[in-house]
Amino acid sequence: MSALRQKRSGQRSSEPRHTGILGPLGRRVAAGSLVIALGSIAVLAIITLIFLDFDLGSAGREQENSSRSAIAAAVRSAYLAQGSWAGADLLPAKVLAELQGVGLTVQTPSGETTTLTESAPSSRVFTLAVDAHGSKVGTLRIAIPASGLSPEEQTLRKNLVNGIAIAAAVAAVLALSAAVFASRRIVAPIRTLTAAAGRFGAGERSTRVGSVRAPGELGQLARAFDNMASDLEREDELRRALVADVAHELRTPLAILRAHLEAVSQGLTDLSQATVDSLTEEVQRLGRLVDDLGVLAAAQAAALRLERRPVDLADVASVATERLAHRFVDREISLVSTLESARVMGDAGRLEQATVNLLSNAEKFSSPGSEVRIEVHRDGPHAELSVSDDGPGIPPAEQRAIFDRFYRSAGARVTTTGSGVGLAVVSEIVRAHDGWIELQSSPGHGSTFRLLFPALP
């Protein structure tokens with residue numbers, strides 16, 4: 001019960017925890033997007049206000065100079081019209097001052113002061129002399145608001161600031177909405193991937209992410225996960241098949257060995273030469289199975305242990321055919337060689353091993369009286385070694401899987417023995433030599449395996 005509770009607890013812990021609408025990552029993405037958006041809005045608002053103030057300031061200074069000149073001209077005209085300050089009509093100057101929002105005070109040479117319009121607090125005061133007939137007849141004090149803007153301009157600036165503030169608030173709301181939407185769209189496939197990885201890690205090997213609506217990289221990640229899951233599931237299936245095959249291959253020779261040894265030990269039979277030969281054959285059968293597994297492990301590390309030197313594939317093929325010639329003779333299968341010089345940079349022993357595996361595979365699936373052909377030639381920048389047979393061929397659905405480790409087709413399980421590592425070894429060795437394999441086969445018309453390598457000049 002304790003172990004069961006621990007297992008269930010472990011499975012629960014593999015499931016992703018979702019908190020809230022977005023989750024921790026979604027909140028961080030949304031917050032980051034919102035901060036960036038608000039920062040951009042703030043920078044835009046500040047720059048807008050700076051340019052607005054600059055433009056209004058330039059216009060205000062021009063208007064300020066113009067207002068001072070107009071007011072001074074109106075006061076001077078009033079003085080000239082009467083010839084003195086007594087009875088001078090200063091109403092036009094007062095109206096101008098009120099329109100411009102400035103304070104206006106007229107001071108006569110005798111010190112008498114007349115305030116036409118009141119000045120606002122914190123104003124900037126300008127003093128102008130009133131000249132008539134070449135002499136100074138009075139002084140004007142013009143008090144301009146510290147902002148330098150007229151009431152209309154101040155109202156315009158206030159409205160613009162309010163408009164910018166409202167636009168910034170609307171943009172912030174829109175930015176938050178967009179950030180939440182984008183975060184959910186980004187986080188949703190990540191949650192799906194996390195959940196799938198949790199289930200896969202808990203042992204559900206059939207788990208797949210499937211089609212997800214996600215940005216490019218996340219979609220690629222989902223497809224990569226599914227491909228990885230498919231590969232791992234196939235590896236598991238191959239391992240289970242290997243265990244079954246090894247158990248099947250071991251059961252018969254071990255049973256025979258046990259029966260003969262028990263019979264000899266109990267005195268039920270003599271240890272004759274025939275018995276010894278039978279026991280030896282079963283031991284060799286077990287040895288071949290162990291060798292197959294060892295060869296696969298060695299081939300997977302071939303790239304780390306290659307002894308590269310210039311090698312002629314024709315010599316490699318010749319040695320391989322000599323090694324297996326007796327097997328073809330015993331089964332009455334013709335082995336035809338067409339060998340032309342084709343030099344590559346590689347490990348002669350590994351290349352011979354790959355060639356022997358192809359020839360053994362062709363011999364295994366060929367019937368007596370048929371023909372197996374091995375050819376070596378130069379094909380442009382490539383050196384090619386091919387092995388062809390007249391066997392039953394390979395169905396298209398199985399052609400991609402035959403190079404997988406421990407894979408054996410349904411027909412091979414019934415008609416031949418073996419562990420299903422021969423072609424996997426060939427694939428590893430060829431890949432370690434920077435080459436590739438091409439297969440041409442169809443049911444009932446035999447198979448041709450072509451090994452292509454970069455050729456030496």
# chains A, B, ... in the order shown; residues from 1 in each chain; ligands from 1
$ residues_around --residues "Phe453 (chain A)" --least-positions-apart "6" --cutoff "12 Å" --atoms "only C-alpha atoms" --output "PyMOL selection string"
chain A and resi 311-313+342-346+351+376-386+429-438
$ write_last_selection --atoms "C-alpha atoms" --output "tab-separated table (two decimals), in the first residue's frame"
chain	number	residue	atom	x	y	z
A	311	VAL	CA	40.35	1.75	-48.99
A	312	ASP	CA	39.23	0.24	-52.30
A	313	LEU	CA	35.62	-0.97	-52.05
A	342	ALA	CA	36.35	2.75	-56.17
A	343	ARG	CA	38.50	4.21	-53.42
A	344	VAL	CA	37.13	5.82	-50.24
A	345	MET	CA	38.53	7.04	-46.94
A	346	GLY	CA	37.35	4.54	-44.35
A	351	LEU	CA	33.17	-1.68	-44.37
A	376	VAL	CA	31.30	-1.95	-56.94
A	377	HIS	CA	31.88	1.04	-59.22
A	378	ARG	CA	32.59	4.77	-59.26
A	379	ASP	CA	29.57	7.01	-59.86
A	380	GLY	CA	30.83	10.58	-60.30
A	381	PRO	CA	31.90	11.93	-56.88
A	382	HIS	CA	30.58	8.83	-55.13
A	383	ALA	CA	31.80	5.30	-54.66
A	384	GLU	CA	28.99	2.74	-54.75
A	385	LEU	CA	28.70	-0.80	-53.40
A	386	SER	CA	25.42	-2.61	-54.09
A	429	ILE	CA	28.66	1.90	-40.20
A	430	VAL	CA	27.63	3.70	-43.40
A	431	ARG	CA	26.58	6.79	-41.47
A	432	ALA	CA	29.90	6.78	-39.60
A	433	HIS	CA	31.62	6.93	-43.02
A	434	ASP	CA	29.56	9.99	-44.08
A	435	GLY	CA	27.63	7.85	-46.54
A	436	TRP	CA	24.03	6.83	-47.01
A	437	ILE	CA	21.92	3.83	-48.03
A	438	GLU	CA	19.38	3.59	-50.83
$ residues_around --residues "region 391-404 of chain A" --least-positions-apart "5" --cutoff "10 Å" --atoms "only C-alpha atoms" --output "PyMOL selection string"
chain A and resi 234-235+238+362-367+370-372+409-411+420-428+437+439-448
$ residues_around --residues "region 268-281 of chain A" --least-positions-apart "6" --cutoff "12 Å" --atoms "only C-alpha atoms" --output "ChimeraX atom specification"
/A:252-262,287-288
$ residues_around --residues "region 220-226 of chain A" --least-positions-apart "3" --cutoff "7 Å" --atoms "only C-alpha atoms" --output "list of chain:residue names"
A:Leu193, A:Arg208, A:Val209, A:Gly216, A:Glu217, A:Ala229, A:Ser230
$ write_last_selection --atoms "N, CA and C atoms" --output "compact mmCIF listing (two decimals), in the first residue's frame"
# COMPACT_ATOMS: atom_id res chain seq x y z
N LEU A 193 2.06 21.06 -23.83
CA LEU A 193 3.32 20.32 -23.90
C LEU A 193 3.73 19.79 -22.52
N ARG A 208 0.57 12.04 -27.13
CA ARG A 208 1.05 12.93 -28.18
C ARG A 208 0.43 14.31 -27.97
N VAL A 209 1.15 15.34 -28.36
CA VAL A 209 0.63 16.70 -28.26
C VAL A 209 -0.41 16.94 -29.35
N GLY A 216 5.35 29.90 -34.39
CA GLY A 216 6.23 28.99 -35.11
C GLY A 216 7.09 28.08 -34.26
N GLU A 217 7.90 28.65 -33.34
CA GLU A 217 8.83 27.82 -32.58
C GLU A 217 8.10 26.84 -31.67
N ALA A 229 8.47 11.25 -29.08
CA ALA A 229 7.62 10.26 -28.42
C ALA A 229 7.40 9.05 -29.30
N SER A 230 7.21 9.28 -30.61
CA SER A 230 7.02 8.16 -31.54
C SER A 230 8.28 7.31 -31.60
$ select_by_dssp --residues "region 40-170 of chain A" --states "alpha helix (DSSP H)" --output "VMD selection string"
chain A and resid 40 to 82 91 to 100 151 to 170
$ closest_residue --among "A:Ala37, A:Leu90, A:Ile374, A:Ile50" --to "Val170 (chain A)" --atoms "only C-alpha atoms"
A:Ala37
